[in-house]
>>> print(open('query-v7.txt').read())   # compact mmCIF, C-alpha atoms and all ligand atoms
# COMPACT_ATOMS: atom_id res chain seq x y z
CA MET S 8 -105.85 11.76 -106.86
CA ASN S 9 -102.98 14.24 -106.40
CA THR S 10 -104.49 15.42 -103.13
CA LEU S 11 -104.73 11.82 -101.93
CA ARG S 12 -101.09 11.13 -102.88
CA SER S 13 -99.77 14.21 -101.13
CA ALA S 14 -101.86 13.40 -98.05
CA SER S 15 -100.35 9.87 -97.88
CA LEU S 16 -96.86 11.33 -98.40
CA CYS S 17 -97.42 13.72 -95.50
CA LEU S 18 -98.61 10.86 -93.31
CA LEU S 19 -95.58 8.73 -94.25
CA THR S 20 -93.16 11.59 -93.57
CA GLY S 21 -94.90 12.24 -90.24
CA LEU S 22 -94.59 8.59 -89.27
CA LEU S 23 -90.90 8.54 -90.23
CA VAL S 24 -90.16 11.68 -88.20
CA THR S 25 -91.99 10.24 -85.19
CA ALA S 26 -90.17 6.89 -85.52
CA THR S 27 -86.76 8.61 -85.78
CA ALA S 28 -87.53 10.82 -82.77
CA ALA S 29 -88.67 7.78 -80.76
CA ALA S 30 -85.51 5.86 -81.72
CA ALA S 31 -83.37 8.85 -80.71
CA ALA S 32 -85.22 9.18 -77.42
CA SER S 33 -84.76 5.48 -76.60
CA ALA S 34 -81.07 5.39 -77.74
CA LYS S 35 -79.00 4.40 -74.75
CA PRO S 36 -75.76 6.17 -73.85
CA ALA S 37 -72.61 4.32 -74.94
CA VAL S 38 -70.33 3.39 -72.04
CA VAL S 39 -67.01 1.61 -72.40
CA ILE S 40 -65.70 -0.46 -69.47
CA VAL S 41 -61.91 -0.41 -69.38
CA ALA S 42 -60.55 -3.16 -67.13
CA THR S 43 -57.20 -3.16 -65.36
CA GLY S 44 -57.65 -6.05 -62.87
CA GLY S 45 -57.96 -5.72 -59.09
CA THR S 46 -60.10 -7.58 -56.60
CA ILE S 47 -63.25 -6.75 -58.58
CA ALA S 48 -61.82 -9.18 -61.13
CA GLY S 49 -60.44 -11.48 -58.42
CA ALA S 50 -61.21 -15.16 -57.98
CA ALA S 51 -60.96 -17.38 -54.90
CA LYS S 52 -61.29 -21.15 -54.45
CA SER S 53 -64.58 -20.83 -52.58
CA GLN S 54 -67.18 -18.23 -51.58
CA THR S 55 -65.68 -17.91 -48.09
CA GLU S 56 -61.95 -18.18 -48.86
CA ALA S 57 -60.05 -15.03 -47.75
CA GLY S 58 -57.10 -15.64 -50.09
CA TYR S 59 -57.63 -14.88 -53.81
CA GLN S 60 -55.92 -13.91 -57.02
CA ALA S 61 -56.56 -10.32 -58.15
CA GLY S 62 -57.23 -9.64 -61.85
CA ALA S 63 -58.05 -13.29 -62.74
CA VAL S 64 -61.39 -12.55 -64.45
CA ALA S 65 -61.60 -10.91 -67.91
CA VAL S 66 -63.71 -7.83 -68.66
CA ASP S 67 -66.35 -9.71 -70.70
CA VAL S 68 -66.96 -12.07 -67.77
CA LEU S 69 -67.38 -9.03 -65.46
CA ILE S 70 -69.89 -7.51 -67.89
CA ASP S 71 -71.82 -10.77 -68.39
CA ALA S 72 -72.07 -11.21 -64.60
CA VAL S 73 -74.25 -8.06 -64.40
CA PRO S 74 -76.78 -8.35 -67.26
CA GLN S 75 -78.67 -5.30 -65.90
CA LEU S 76 -75.81 -3.09 -67.19
CA LYS S 77 -77.34 -3.40 -70.66
CA GLU S 78 -80.52 -1.70 -69.41
CA LEU S 79 -78.44 1.36 -68.48
CA ALA S 80 -76.22 1.72 -71.52
CA ASP S 81 -74.76 0.14 -74.62
CA ILE S 82 -71.73 -1.53 -73.10
CA ARG S 83 -68.45 -2.71 -74.53
CA GLY S 84 -65.31 -3.86 -72.72
CA VAL S 85 -61.61 -3.14 -73.25
CA GLN S 86 -58.87 -4.96 -71.29
CA VAL S 87 -55.85 -2.73 -70.65
CA ALA S 88 -54.18 -4.81 -67.89
CA SER S 89 -54.92 -7.72 -65.52
CA ILE S 90 -53.00 -6.78 -62.41
CA GLY S 91 -53.46 -6.26 -58.71
CA SER S 92 -53.22 -2.49 -58.37
CA GLN S 93 -50.22 -2.88 -56.03
CA ASP S 94 -48.38 -3.50 -59.35
CA MET S 95 -49.69 -0.33 -61.01
CA ASN S 96 -46.86 1.66 -62.60
CA ASP S 97 -46.09 4.51 -65.02
CA GLU S 98 -46.26 2.28 -68.11
CA VAL S 99 -49.80 1.05 -67.35
CA TRP S 100 -50.87 4.59 -66.36
CA ILE S 101 -49.68 5.93 -69.71
CA LYS S 102 -51.35 3.09 -71.65
CA LEU S 103 -54.58 3.60 -69.68
CA ALA S 104 -54.55 7.39 -70.08
CA ASN S 105 -53.91 7.20 -73.81
CA THR S 106 -56.67 4.57 -74.22
CA LEU S 107 -59.12 6.81 -72.36
CA ASN S 108 -58.09 9.90 -74.30
CA GLU S 109 -58.73 8.03 -77.55
CA LEU S 110 -62.11 6.68 -76.38
CA VAL S 111 -63.47 10.01 -75.14
CA SER S 112 -62.40 11.78 -78.33
CA THR S 113 -65.03 9.88 -80.39
CA LYS S 114 -68.69 10.86 -80.56
CA LYS S 115 -69.58 7.17 -80.17
CA VAL S 116 -68.57 7.17 -76.47
CA ASP S 117 -70.62 9.02 -73.84
CA GLY S 118 -68.76 7.86 -70.74
CA VAL S 119 -66.06 5.49 -69.50
CA VAL S 120 -65.83 3.20 -66.48
CA VAL S 121 -62.43 1.92 -65.33
CA THR S 122 -62.34 -1.18 -63.13
CA HIS S 123 -59.32 -1.09 -60.84
CA GLY S 124 -57.89 -2.50 -57.63
CA THR S 125 -58.54 -0.46 -54.53
CA ASP S 126 -54.93 -0.32 -53.23
CA THR S 127 -53.79 2.40 -55.65
CA MET S 128 -57.21 3.49 -56.92
CA GLU S 129 -56.70 6.98 -55.47
CA GLU S 130 -53.45 7.46 -57.37
CA THR S 131 -54.73 6.23 -60.73
CA ALA S 132 -57.96 8.21 -60.35
CA TYR S 133 -56.01 11.40 -59.62
CA PHE S 134 -53.56 10.73 -62.48
CA LEU S 135 -56.50 10.36 -64.91
CA HIS S 136 -58.16 13.47 -63.37
CA LEU S 137 -55.07 15.41 -64.50
CA VAL S 138 -54.44 13.88 -67.94
CA VAL S 139 -57.75 12.89 -69.55
CA ASP S 140 -58.82 15.64 -71.92
CA THR S 141 -62.60 15.53 -71.63
CA ASP S 142 -65.72 16.76 -69.88
CA LYS S 143 -67.39 13.36 -70.36
CA PRO S 144 -67.87 11.22 -67.25
CA VAL S 145 -64.90 9.01 -66.38
CA VAL S 146 -65.67 6.79 -63.39
CA LEU S 147 -63.42 4.34 -61.55
CA THR S 148 -64.77 1.46 -59.55
CA GLY S 149 -63.44 -1.59 -57.74
CA SER S 150 -64.35 -3.88 -54.90
CA MET S 151 -63.02 -5.13 -51.62
CA ARG S 152 -64.28 -8.68 -52.08
CA PRO S 153 -63.38 -10.90 -55.05
CA SER S 154 -66.00 -11.64 -57.70
CA THR S 155 -66.42 -15.19 -56.36
CA ALA S 156 -67.00 -14.16 -52.72
CA MET S 157 -70.17 -14.41 -50.66
CA SER S 158 -71.77 -10.91 -50.76
CA ALA S 159 -69.33 -9.70 -53.42
CA ASP S 160 -69.49 -5.89 -53.61
CA GLY S 161 -68.28 -5.67 -57.24
CA PRO S 162 -71.58 -6.17 -59.15
CA LEU S 163 -73.47 -3.26 -57.52
CA ASN S 164 -70.35 -1.06 -57.66
CA ILE S 165 -70.02 -1.67 -61.39
CA TYR S 166 -73.78 -1.10 -61.89
CA ASN S 167 -73.60 2.24 -60.06
CA ALA S 168 -70.43 3.20 -61.94
CA VAL S 169 -72.05 2.56 -65.33
CA ALA S 170 -75.18 4.48 -64.31
CA LEU S 171 -72.95 7.40 -63.26
CA ALA S 172 -70.88 7.28 -66.48
CA ALA S 173 -74.15 7.33 -68.47
CA ASP S 174 -75.52 10.32 -66.54
CA PRO S 175 -75.05 13.68 -68.35
CA ARG S 176 -75.14 15.41 -64.93
CA ALA S 177 -71.74 13.79 -64.18
CA ARG S 178 -70.13 15.74 -67.05
CA GLY S 179 -67.51 18.33 -66.08
CA ARG S 180 -67.03 17.00 -62.54
CA GLY S 181 -63.65 15.41 -63.33
CA VAL S 182 -62.75 11.79 -62.70
CA LEU S 183 -65.11 10.22 -60.17
CA VAL S 184 -64.95 7.04 -58.12
CA ALA S 185 -68.17 5.08 -57.49
CA VAL S 186 -67.85 2.59 -54.62
CA ASN S 187 -70.11 1.43 -51.80
CA ASP S 188 -72.96 3.75 -52.91
CA ASP S 189 -70.63 6.78 -52.56
CA ILE S 190 -69.41 9.08 -55.34
CA HIS S 191 -65.96 10.57 -54.66
CA SER S 192 -63.79 13.05 -56.52
CA ALA S 193 -60.46 11.61 -57.66
CA HIS S 194 -58.87 14.58 -55.91
CA ASP S 195 -60.18 13.69 -52.48
CA LEU S 196 -60.76 10.00 -51.94
CA THR S 197 -58.35 7.87 -49.97
CA LYS S 198 -58.35 4.24 -48.85
CA THR S 199 -58.70 4.03 -45.07
CA HIS S 200 -59.31 0.38 -44.19
CA THR S 201 -57.41 -2.78 -45.16
CA THR S 202 -60.46 -5.03 -45.65
CA ASP S 203 -63.79 -3.26 -44.97
CA VAL S 204 -66.22 -2.71 -47.83
CA GLU S 205 -66.52 0.87 -46.56
CA THR S 206 -62.86 1.70 -47.09
CA PHE S 207 -62.90 4.96 -49.09
CA THR S 208 -63.42 8.36 -47.56
CA SER S 209 -63.12 11.94 -48.82
CA HIS S 210 -62.46 13.58 -45.43
CA GLU S 211 -63.18 17.35 -45.21
CA PRO S 212 -64.05 18.00 -48.88
CA GLY S 213 -66.73 15.31 -48.68
CA LEU S 214 -68.56 13.25 -51.28
CA VAL S 215 -69.48 14.51 -54.74
CA GLY S 216 -72.68 12.49 -54.58
CA ALA S 217 -74.42 9.28 -53.62
CA SER S 218 -75.81 6.35 -55.62
CA LEU S 219 -78.71 4.05 -54.92
CA PHE S 220 -79.23 1.19 -57.37
CA GLY S 221 -78.19 3.26 -60.37
CA LYS S 222 -79.83 6.55 -59.36
CA GLN S 223 -77.44 9.41 -58.57
CA HIS S 224 -77.80 12.40 -56.30
CA PHE S 225 -75.12 15.11 -56.61
CA TYR S 226 -73.94 17.28 -53.72
CA ARG S 227 -71.13 19.29 -55.30
CA SER S 228 -68.55 19.75 -58.09
CA PRO S 229 -64.82 19.59 -57.33
CA ALA S 230 -63.30 23.08 -57.19
CA GLU S 231 -59.78 22.26 -58.39
CA VAL S 232 -58.43 22.31 -61.97
CA HIS S 233 -58.90 18.96 -63.73
CA THR S 234 -59.45 17.03 -67.01
CA SER S 235 -60.10 19.33 -70.00
CA LYS S 236 -58.81 22.41 -68.09
CA SER S 237 -55.61 20.72 -66.84
CA ASP S 238 -52.18 21.71 -68.21
CA PHE S 239 -51.40 17.97 -68.41
CA ALA S 240 -54.48 16.93 -70.44
CA GLY S 241 -53.85 15.00 -73.65
CA LYS S 242 -51.63 12.27 -75.07
CA ILE S 243 -48.69 11.32 -72.86
CA ALA S 244 -45.43 10.07 -74.30
CA GLY S 245 -43.52 9.19 -71.10
CA PRO S 246 -41.30 8.17 -69.48
CA LEU S 247 -42.32 10.11 -66.36
CA PRO S 248 -39.65 11.37 -63.93
CA ARG S 249 -38.88 9.30 -60.84
CA VAL S 250 -40.46 10.65 -57.65
CA ASP S 251 -40.08 8.80 -54.34
CA VAL S 252 -42.17 9.12 -51.18
CA ILE S 253 -40.27 9.01 -47.86
CA TYR S 254 -42.16 8.34 -44.64
CA ALA S 255 -41.16 10.52 -41.68
CA HIS S 256 -41.14 9.26 -38.08
CA ALA S 257 -39.60 9.95 -34.69
CA GLY S 258 -35.83 9.70 -35.04
CA MET S 259 -35.95 9.95 -38.88
CA SER S 260 -32.42 9.73 -40.28
CA PRO S 261 -31.24 11.65 -43.36
CA ASP S 262 -30.15 8.41 -45.05
CA LEU S 263 -33.24 7.59 -47.14
CA VAL S 264 -33.42 11.15 -48.51
CA ASP S 265 -29.75 10.99 -49.55
CA ALA S 266 -30.26 7.46 -50.95
CA ALA S 267 -33.26 8.50 -53.07
CA VAL S 268 -31.25 11.36 -54.59
CA ALA S 269 -28.31 9.03 -55.25
CA ALA S 270 -30.71 6.55 -56.91
CA GLY S 271 -31.80 9.21 -59.41
CA ALA S 272 -35.05 10.65 -58.00
CA LYS S 273 -35.93 13.96 -59.66
CA GLY S 274 -38.54 14.70 -57.03
CA LEU S 275 -39.24 13.69 -53.43
CA VAL S 276 -42.39 13.77 -51.36
CA ILE S 277 -41.89 13.69 -47.61
CA ALA S 278 -44.86 12.06 -45.85
CA GLY S 279 -44.09 14.31 -42.89
CA VAL S 280 -45.19 14.05 -39.30
CA GLY S 281 -48.02 16.44 -38.35
CA ASP S 282 -48.10 19.49 -40.59
CA GLY S 283 -45.42 18.11 -42.95
CA ASN S 284 -42.54 18.18 -40.47
CA MET S 285 -39.40 16.04 -40.16
CA THR S 286 -36.29 15.82 -37.96
CA THR S 287 -33.55 18.45 -38.30
CA PRO S 288 -31.08 15.94 -39.87
CA ALA S 289 -33.74 14.90 -42.42
CA LEU S 290 -34.46 18.57 -43.21
CA ASP S 291 -30.72 19.10 -43.76
CA ALA S 292 -30.78 16.22 -46.24
CA VAL S 293 -33.79 17.83 -47.96
CA LYS S 294 -31.75 21.07 -48.30
CA ARG S 295 -28.90 19.05 -49.88
CA ALA S 296 -31.39 17.42 -52.28
CA ILE S 297 -32.77 20.83 -53.32
CA SER S 298 -29.24 22.14 -53.93
CA ALA S 299 -28.72 19.12 -56.20
CA GLY S 300 -31.78 20.17 -58.29
CA VAL S 301 -34.35 17.78 -56.79
CA VAL S 302 -37.82 19.24 -56.09
CA VAL S 303 -39.06 18.35 -52.60
CA VAL S 304 -42.72 18.48 -51.58
CA ARG S 305 -43.81 18.40 -47.95
CA SER S 306 -46.98 16.37 -47.41
CA SER S 307 -48.22 14.64 -44.27
CA ARG S 308 -48.68 11.10 -43.02
CA VAL S 309 -51.65 12.30 -40.90
CA GLY S 310 -54.24 11.60 -43.61
CA SER S 311 -56.33 14.78 -43.57
CA GLY S 312 -55.90 18.55 -43.35
CA ILE S 313 -53.95 21.09 -45.40
CA ILE S 314 -50.16 21.44 -45.47
CA ARG S 315 -49.66 25.18 -45.98
CA ARG S 316 -46.41 27.05 -46.70
CA ASP S 317 -44.20 28.55 -44.00
CA VAL S 318 -45.84 27.25 -40.84
CA GLU S 319 -43.22 25.31 -38.83
CA ILE S 320 -40.85 24.89 -41.77
CA ASN S 321 -40.02 28.05 -43.71
CA ASP S 322 -40.55 26.86 -47.28
CA ASP S 323 -39.44 30.24 -48.65
CA ALA S 324 -36.03 29.80 -47.01
CA VAL S 325 -35.64 26.02 -47.56
CA GLY S 326 -37.04 25.91 -51.12
CA THR S 327 -39.66 23.21 -50.45
CA VAL S 328 -43.16 22.99 -51.92
CA ALA S 329 -46.20 22.57 -49.63
CA SER S 330 -48.62 19.87 -50.80
CA MET S 331 -51.76 21.76 -49.64
CA THR S 332 -54.68 19.28 -49.75
CA LEU S 333 -52.83 16.40 -51.41
CA ASN S 334 -51.79 13.34 -49.44
CA PRO S 335 -48.33 11.86 -50.16
CA SER S 336 -49.43 9.40 -52.87
CA LYS S 337 -51.35 12.06 -54.79
CA ALA S 338 -48.62 14.66 -54.24
CA ARG S 339 -46.30 12.17 -55.94
CA VAL S 340 -48.63 11.98 -58.98
CA LEU S 341 -48.86 15.77 -59.36
CA LEU S 342 -45.11 16.22 -58.83
CA LYS S 343 -44.31 13.63 -61.54
CA LEU S 344 -46.53 15.48 -64.02
CA ALA S 345 -45.37 18.95 -62.92
CA LEU S 346 -41.73 17.92 -63.45
CA THR S 347 -42.53 17.23 -67.11
CA LYS S 348 -43.23 21.00 -67.42
CA THR S 349 -40.81 22.73 -65.02
CA HIS S 350 -38.28 22.27 -62.21
CA ASP S 351 -39.05 25.68 -60.71
CA ALA S 352 -40.34 25.15 -57.16
CA LYS S 353 -42.48 28.33 -57.28
CA LYS S 354 -44.25 27.23 -60.47
CA ILE S 355 -44.71 23.74 -58.99
CA GLN S 356 -46.20 25.35 -55.86
CA ALA S 357 -48.74 27.05 -58.14
CA TYR S 358 -49.81 23.60 -59.41
CA PHE S 359 -50.23 22.39 -55.82
CA ASP S 360 -52.28 25.51 -55.03
CA GLY S 361 -54.69 25.01 -57.93
CA TYR S 362 -54.81 21.29 -58.74
N1 LIG R 401 -54.78 -5.69 -53.86
C1 LIG R 401 -56.03 -5.43 -54.53
C2 LIG R 401 -55.77 -4.42 -55.63
O1 LIG R 401 -55.59 -3.28 -55.35
C3 LIG R 401 -57.05 -4.95 -53.58
C4 LIG R 401 -58.38 -4.57 -54.18
O2 LIG R 401 -58.58 -4.45 -55.36
O3 LIG R 401 -59.31 -4.35 -53.37
O4 LIG R 401 -55.76 -4.77 -56.76
>>> encode(input="query-v7.txt", output="structure tokens")
Amino acid sequence: MNTLRSASLCLLTGLLVTATAAAAASAKPAVVIVATGGTIAGAAKSQTEAGYQAGAVAVDVLIDAVPQLKELADIRGVQVASIGSQDMNDEVWIKLANTLNELVSTKKVDGVVVTHGTDTMEETAYFLHLVVDTDKPVVLTGSMRPSTAMSADGPLNIYNAVALAADPRARGRGVLVAVNDDIHSAHDLTKTHTTDVETFTSHEPGLVGASLFGKQHFYRSPAEVHTSKSDFAGKIAGPLPRVDVIYAHAGMSPDLVDAAVAAGAKGLVIAGVGDGNMTTPALDAVKRAISAGVVVVRSSRVGSGIIRRDVEINDDAVGTVASMTLNPSKARVLLKLALTKTHDAKKIQAYFDGY
């Protein structure tokens, strides 16, 4: 009798262990979709109407529109903003960053997807790359066509983004952007076309990977400092210092540099011609700005390549910082964060060298 009872107990325990292991094996990763608006949440009057309103559709509607997401992960939505990303600003960045930092700090979340407009996607992605304290996947996505359009690109982008956020191989690669079957690093992507679906490119550094209907292939890991290793990772209190970008051109006058300083900018990024150059009168205004305590970074309007120190402009003599691989909009993001730590141009150069 006793032998029979212990045999049944063993069988029951065995069944329980197997059932628990099976449940664990089939448990889906938990992915939170954090929505901010953009064209991916845009709505037009008809399928072929070019004009539309960005950010009109709520996160739950976006999720319900792609029921296949639930095959990839346990999904829940959080709405942080409903704006076209042309209206993105420091306040929304801080709210978004603090929301993400809270989400990734719990064991219940395996990855996060942020839906965002494409206009300033590269800036938000890079901001989050510097301030989110995690190795978990954080993936931005968006679309060029509104959700109501013929051949809308949002549903597959969001599907690929969720698959990427649920993929443990995406851990430790920093903030990624999944659009148009491409996987970009937040550090490298830039918007290059006003309306094409294939608008994002990562120039010389190249893609981090590629997606095909929710299956990822990885090429590389970004080499720069980011997320959990960043000096800026963690809760942000704000406000962030004002940094303006000034576009250089033939015949550039010193006036906008002087005006930005008078308006209270603590930092300036010059979107220089060529290798971060500007006219002599503009460079004189930059020297005045530096004497007034403003940190000035030289970037380039060219769109690709590295802006190194002391090539045509002697940064050592002038006191400027060279933006290295960062374009003007991303140089602005790093300068804003760097200015929360130091106003020393040499220390800020070290951030531009490593981040
Ligand atoms: N203006 C839109 C935005 O950035 C464009 C887009 O999402 O594609 O929100």
>>> axis_aligned_box(input="query-v7.txt", around="ligand LIG 401 (chain R)", padding_each_side="3 Å", output="AutoDock Vina command-line options")
--center_x -57.0 --center_y -4.5 --center_z -55.1 --size_x 10.5 --size_y 8.4 --size_z 9.4
>>> residues_around(input="query-v7.txt", residues="region 217-228 of chain S", least_positions_apart="3", cutoff="10 Å", atoms="all atoms listed in the file", output="PDB file with C-alpha atoms, in the coordinates of the input")
ATOM      1  CA  LEU S  76     -75.810  -3.090 -67.190  1.00  0.00           C
ATOM      2  CA  LEU S  79     -78.440   1.360 -68.480  1.00  0.00           C
ATOM      3  CA  LEU S 163     -73.470  -3.260 -57.520  1.00  0.00           C
ATOM      4  CA  ASN S 164     -70.350  -1.060 -57.660  1.00  0.00           C
ATOM      5  CA  ILE S 165     -70.020  -1.670 -61.390  1.00  0.00           C
ATOM      6  CA  TYR S 166     -73.780  -1.100 -61.890  1.00  0.00           C
ATOM      7  CA  ASN S 167     -73.600   2.240 -60.060  1.00  0.00           C
ATOM      8  CA  ALA S 168     -70.430   3.200 -61.940  1.00  0.00           C
ATOM      9  CA  VAL S 169     -72.050   2.560 -65.330  1.00  0.00           C
ATOM     10  CA  ALA S 170     -75.180   4.480 -64.310  1.00  0.00           C
ATOM     11  CA  LEU S 171     -72.950   7.400 -63.260  1.00  0.00           C
ATOM     12  CA  ALA S 173     -74.150   7.330 -68.470  1.00  0.00           C
ATOM     13  CA  ASP S 174     -75.520  10.320 -66.540  1.00  0.00           C
ATOM     14  CA  ARG S 176     -75.140  15.410 -64.930  1.00  0.00           C
ATOM     15  CA  ALA S 177     -71.740  13.790 -64.180  1.00  0.00           C
ATOM     16  CA  ARG S 178     -70.130  15.740 -67.050  1.00  0.00           C
ATOM     17  CA  GLY S 179     -67.510  18.330 -66.080  1.00  0.00           C
ATOM     18  CA  ARG S 180     -67.030  17.000 -62.540  1.00  0.00           C
ATOM     19  CA  GLY S 181     -63.650  15.410 -63.330  1.00  0.00           C
ATOM     20  CA  ALA S 185     -68.170   5.080 -57.490  1.00  0.00           C
ATOM     21  CA  VAL S 186     -67.850   2.590 -54.620  1.00  0.00           C
ATOM     22  CA  ASN S 187     -70.110   1.430 -51.800  1.00  0.00           C
ATOM     23  CA  ASP S 188     -72.960   3.750 -52.910  1.00  0.00           C
ATOM     24  CA  ASP S 189     -70.630   6.780 -52.560  1.00  0.00           C
ATOM     25  CA  ILE S 190     -69.410   9.080 -55.340  1.00  0.00           C
ATOM     26  CA  HIS S 191     -65.960  10.570 -54.660  1.00  0.00           C
ATOM     27  CA  SER S 192     -63.790  13.050 -56.520  1.00  0.00           C
ATOM     28  CA  PRO S 212     -64.050  18.000 -48.880  1.00  0.00           C
ATOM     29  CA  GLY S 213     -66.730  15.310 -48.680  1.00  0.00           C
ATOM     30  CA  LEU S 214     -68.560  13.250 -51.280  1.00  0.00           C
ATOM     31  CA  GLU S 231     -59.780  22.260 -58.390  1.00  0.00           C
TER      32      GLU S 231
END
>>> closest_residue(input="query-v7.txt", among="S:Gln75, S:Ser89, S:Thr125, S:Thr43", to="ligand LIG 401 (chain R)", atoms="all atoms listed in the file")
S:Thr125
>>> closest_atom_pairs(input="query-v7.txt", of="chain S", to="ligand LIG 401 (chain R)", cutoff="6 Å", atoms="only C-alpha atoms and all ligand atoms", output="JSON lines")
{"residue": "S:Gly45", "atom": "CA", "partner": "R:LIG401", "partner_atom": "O4", "distance": 3.3}
{"residue": "S:Thr46", "atom": "CA", "partner": "R:LIG401", "partner_atom": "O2", "distance": 3.7}
{"residue": "S:Ala61", "atom": "CA", "partner": "R:LIG401", "partner_atom": "O4", "distance": 5.8}
{"residue": "S:Gly91", "atom": "CA", "partner": "R:LIG401", "partner_atom": "O4", "distance": 3.4}
{"residue": "S:Ser92", "atom": "CA", "partner": "R:LIG401", "partner_atom": "O4", "distance": 3.8}
{"residue": "S:Gln93", "atom": "CA", "partner": "R:LIG401", "partner_atom": "O1", "distance": 5.4}
{"residue": "S:Gly124", "atom": "CA", "partner": "R:LIG401", "partner_atom": "O2", "distance": 3.1}
{"residue": "S:Thr125", "atom": "CA", "partner": "R:LIG401", "partner_atom": "O2", "distance": 4.1}
{"residue": "S:Asp126", "atom": "CA", "partner": "R:LIG401", "partner_atom": "O1", "distance": 3.7}
{"residue": "S:Thr127", "atom": "CA", "partner": "R:LIG401", "partner_atom": "O1", "distance": 6.0}
{"residue": "S:Ser150", "atom": "CA", "partner": "R:LIG401", "partner_atom": "O3", "distance": 5.3}
{"residue": "S:Met151", "atom": "CA", "partner": "R:LIG401", "partner_atom": "O3", "distance": 4.2}
>>> residues_around(input="query-v7.txt", residues="region 257-264 of chain S", least_positions_apart="6", cutoff="6 Å", atoms="all atoms listed in the file", output="list in words")
Thr286, Pro288, Ala289 and Ala292 of chain S
>>> closest_residue(input="query-v7.txt", among="S:Asn105, S:Ser154, S:Gln86, S:Thr131", to="Ser53 (chain S)", atoms="all atoms listed in the file")
S:Ser154
>>> closest_residue(input="query-v7.txt", among="S:Ser311, S:Thr327, S:Thr197, S:Thr122", to="Arg295 (chain S)", atoms="all atoms listed in the file")
S:Thr327
>>> atom_distance(input="query-v7.txt", atom1="CA of Met285 (chain S)", atom2="CA of Ile253 (chain S)")
10.5 Å
>>> closest_residue(input="query-v7.txt", among="S:Val204, S:Ala267, S:Leu110, S:Val276", to="Leu342 (chain S)", atoms="only C-alpha atoms")
S:Val276
>>> atom_distance(input="query-v7.txt", atom1="CA of Lys353 (chain S)", atom2="CA of Arg339 (chain S)")
16.7 Å
>>> atom_distance(input="query-v7.txt", atom1="CA of Thr155 (chain S)", atom2="CA of Ala132 (chain S)")
25.2 Å
>>> closest_residue(input="query-v7.txt", among="S:Leu333, S:Ile70, S:Ala51, S:Val182", to="Met157 (chain S)", atoms="all atoms listed in the file")
S:Ala51
>>> residues_near_point(input="query-v7.txt", point="(-45.0, 24.9, -45.3)", cutoff="10 Å", atoms="only C-alpha atoms", output="PyMOL selection string")
chain S and resi 282-284+304-306+313-323+325-331
>>> closest_residue(input="query-v7.txt", among="S:Ala357, S:Ala270, S:Val309, S:Val301", to="Pro335 (chain S)", atoms="all atoms listed in the file")
S:Val309
>>> residues_around(input="query-v7.txt", residues="Pro153 (chain S)", least_positions_apart="2", cutoff="10 Å", atoms="only C-alpha atoms", output="VMD selection string")
chain S and resid 45 to 51 54 56 to 64 149 to 151 155 to 161
